[in-house]
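Below is one structure, written out as structure tokens; comments come after it.
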Amino acid sequence: MKAIILKQFGGTENLSITEWPVPMVKEDEVLVKIKSISINPVDVKTRAGKGVSAVLKNDNPMILGWDFSGVIETAGSSVKNFKTGDEVFAMVRFPQSGKVYAEYAAVPAAQLALKPTDITHTEAAAACLAALTAWQALTINYKLKPGERVLIHAASGGVGHYAVQMAKYLGAYVIGTSSAVNKDFVMSLGADEHIDYKARPFETAVKNMDFVLDAVGGDYIERSLKTMKKGGTIISIPSGLNESVKEKAEALGIHGFNTHVTPDGTNMQEIADLLGRKILVSHLQKVFPFDQMANAHLQLESGRTVGKVSLTV
């Protein structure tokens with residue numbers, strides 16, 4: 001099979017297509033013929049030597065990737081819920097090595113969901129790590145309630161564009177931040193209000209938020225505290241809350257913490273249900289062929305991606 005190997009951490013020139021043996025499956029795994037891969041900021045950061053590179057540094061070969069959609073070729077002896085021919089999608093093994101930059105991958109059956117029949121493999125692959133991050137933040141890390149006021153930063157991005165749709169489905173009043181050029185897109189997702197973060201500081205535009213989902217990090221965390229009501233919650237995805245910010249949050253009676261997405265087949269099946277009912281829709285900025293993985297990384301690295309980037313295999 002063809003696989004994309006990362007020879008060493010650094011630039012996209014270190015991504016190399018090579019021939020590699022098809023992996024063997026364990027009893028609780030399935031072998032998937034991959035139809036589409038989606039990439040996330042963590043792919044780009046890890047390739048560059050950040051992200052979860054410390055976890056993968058001793059892998060030989062080093063094959064990146066966690067998000068895919070494909071068709072089951074074979075199933076391990078203890079797998080009961082899936083069979084040969086099933087179309088499935090998932091985020092697998094994160095933050096350990098997922099090894100899905102390949103034509104085939106051996107993946108844990110417990111982390112899979114059945115792909116809805118009326119969406120494409122590229123749409124399904126997109127709705128894995130980013131959608132799972134948003135869903136777990138809104139329903140597990142914080143249990144969003146109807147009528148709550150929610151501020152979603154980077155609302156046009158990978159996590160953000162799913163979070164807006166999910167929060168509206170859960171009954172929230174949603175305010176999204178993005179640049180002005182993406183206002184119409186954010187509003188089309190169901191947002192009730194939009195804030196152009198370049199035009200004015202977002203913390204001067206909104207107050208009394210029950211919940212903030214931050215996909216930006218840095219000073220956005222502390223600035224977001226100024227938008228929140230006592231008893232509110234802020235979850236930061238890209239960076240942990242440092243002690244000084246945690247102290248400031250606690251002094252204001254605000255709950256603050258960071259979160260990391262976890263592979264979960266049950267949560268993925270919930271996302272599959274939302275996709276199948278068209279409550280959740282993947283927006284794809286661009287779809288690349290497999291042999292243009294470097295270009296896909298550069299697209300994401302540009303910081304100008306609306307929604308997600310997928311590749312066909």
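In the structure tokens, each chain is lettered A, B, ... as it comes, each chain's residues begin at 1, and ligands are numbered from 1 in order of appearance.
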
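All residues of protein, DNA or RNA that reach within 12 Å of Gln292 (chain A), judged by only C-alpha atoms and not counting those fewer than 2 positions away in the chain, are Ile4, Thr12, Glu13, Leu15, Ser16, Ile17, Ile37, Tyr101, Lys286, Val287, Phe288, Pro289, Phe290, Ala294, Asn295, Ala296, His297, Leu298, Gln299, Val309, Ser310, Leu311, Thr312 and Val313 of chain A.
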
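With only C-alpha atoms taken into account, the protein and nucleic acid residues at most 6 Å from region 80-92 of chain A (excluding it and anything under 3 positions from it in its own chain) are A:Trp66, A:Asp67, A:Phe68, A:Ser69, A:Gly70, A:Val71, A:Ile72, A:Glu73, A:Thr74, A:Gly98, A:Leu112, A:Ala113, A:Leu114, A:Lys115, A:Cys128, A:Leu129, A:Pro263.
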
Atoms to include: C-alpha atoms. Write the selected residues as a compact mmCIF listing (two decimals), in the first residue's frame.
# COMPACT_ATOMS: atom_id res chain seq x y z
CA TRP A 66 -6.18 10.43 13.00
CA ASP A 67 -9.29 11.29 10.94
CA PHE A 68 -10.58 9.06 8.15
CA SER A 69 -13.59 7.57 6.41
CA GLY A 70 -13.47 4.28 4.58
CA VAL A 71 -14.71 0.73 4.09
CA ILE A 72 -13.98 -2.27 6.30
CA GLU A 73 -11.96 -4.96 4.52
CA THR A 74 -11.61 -7.43 7.39
CA GLY A 98 -3.26 6.89 14.35
CA LEU A 112 -15.65 3.67 14.98
CA ALA A 113 -19.07 4.83 13.82
CA LEU A 114 -21.08 3.86 10.75
CA LYS A 115 -20.93 6.55 8.09
CA CYS A 128 -14.01 13.51 13.30
CA LEU A 129 -11.45 15.22 15.57
CA PRO A 263 -11.56 8.79 20.86

List every residue of region 22-53 of chain A that has an atom at most 12 Å from any atom of region 139-158 of chain A, giving for each one its closest atom pair and the distance in Å to one decimal, counting only C-alpha atoms, sorted by chain and then by ascending residue number, as a tab-separated table.
residue	atom	partner	partner_atom	distance
A:Ser38	CA	A:Gly158	CA	10.6
A:Ile39	CA	A:Gly158	CA	9.8
A:Asn40	CA	A:Gly158	CA	7.6
A:Pro41	CA	A:Gly158	CA	8.9
A:Val42	CA	A:Gly158	CA	11.5

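Every protein, DNA or RNA residue with an atom at most 10 Å from His161 (chain A), where only C-alpha atoms count and chain neighbours fewer than 5 positions away do not, is listed here: A:Ala130, A:Ala131, A:Ala134, A:Ile152, A:His153, A:Ala154, A:Ala155, A:Ser156, A:Met166, A:Gly176, A:Phe185, A:Val186, A:Leu189, A:Gly190, A:Ala191, A:Leu280, A:Val281, A:Ser282, A:His283, A:Val306, A:Gly307, A:Lys308.
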
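The smallest atom-to-atom distance between Ile279 (chain A) and any of A:Lys168, A:Ser53, A:Gln8, A:Ile195, using only C-alpha atoms, is found for A:Lys168.
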
Original post:
When you draw a straight line from CA of Ala205 (chain A) to CA of Thr259 (chain A), how long is it in Å?
Top reply: 26.0 Å

Original post:
Mind checking DSSP for region 215-258 of chain A and telling me the helix (DSSP H, G or I) residues as a list in words?
Top reply: Tyr220, Ile221, Glu222, Arg223, Ser224, Leu225, Glu243, Ser244, Val245, Lys246, Glu247, Lys248, Ala249, Glu250 and Ala251 of chain A

**OP:** Using only C-alpha atoms, find the one residue out of A:Leu31, A:Val261, A:Ala109, A:Met228 that sits nearest to Leu138 (chain A).
**Re:** A:Val261

**OP:** Could you check which of A:Gly171, A:Gly231, A:Gly49, A:Pro201 is closest to Gly11 (chain A), using only C-alpha atoms?
**Re:** A:Gly49

Using 12 Å as the limit and counting only C-alpha atoms, can you tabulate each residue of region 152-176 of chain A that touches region 265-272 of chain A, with its shortest atom-to-atom distance in Å and the two atoms involved, as a tab-separated table?
residue	atom	partner	partner_atom	distance
A:Tyr162	CA	A:Ile271	CA	10.2
A:Ala163	CA	A:Ile271	CA	11.7
A:Gln165	CA	A:Ile271	CA	11.5
A:Met166	CA	A:Ile271	CA	9.6

**OP:** Write out as a VMD selection string all residues of region 181-213 of chain A that backbone DSSP assigns to strand (DSSP E or B).
**Re:** chain A and resid 193 to 196 209 to 213

Next, write the just-selected residues to a file, as an mmCIF file, in the first residue's frame, keeping C-alpha atoms as the atom set.
data_model
loop_
_atom_site.group_PDB
_atom_site.id
_atom_site.type_symbol
_atom_site.label_atom_id
_atom_site.label_comp_id
_atom_site.auth_asym_id
_atom_site.auth_seq_id
_atom_site.Cartn_x
_atom_site.Cartn_y
_atom_site.Cartn_z
ATOM 1 C CA GLU A 193 -24.873 37.193 16.408
ATOM 2 C CA HIS A 194 -21.458 37.712 14.840
ATOM 3 C CA ILE A 195 -18.500 39.713 16.131
ATOM 4 C CA ASP A 196 -15.729 40.857 13.806
ATOM 5 C CA MET A 209 -22.135 34.749 28.663
ATOM 6 C CA ASP A 210 -22.890 31.408 30.304
ATOM 7 C CA PHE A 211 -20.282 29.520 28.308
ATOM 8 C CA VAL A 212 -17.246 30.317 26.157
ATOM 9 C CA LEU A 213 -15.551 27.844 23.829
#

**OP:** Have a look at CA of Met1 (chain A) and CA of Asn58 (chain A) and let me know their distance in Å, one decimal.
**Re:** 22.3 Å

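Nearest to Thr133 (chain A) of all the residues A:Ile34, A:Ala3, A:Val216, A:Val159 is A:Val159, based on only C-alpha atoms.
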
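Among A:Met293, A:Leu284, A:Ile235, A:Ile221, the residue with the shortest atom-to-atom distance to Thr122 (chain A), counting only C-alpha atoms, is A:Leu284.
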
Subject >> Residue with smallest distance to Gly253 (chain A) - pool A:Lys50, A:Lys99, A:Lys278, A:Lys226, counting only C-alpha atoms >> reply: A:Lys226
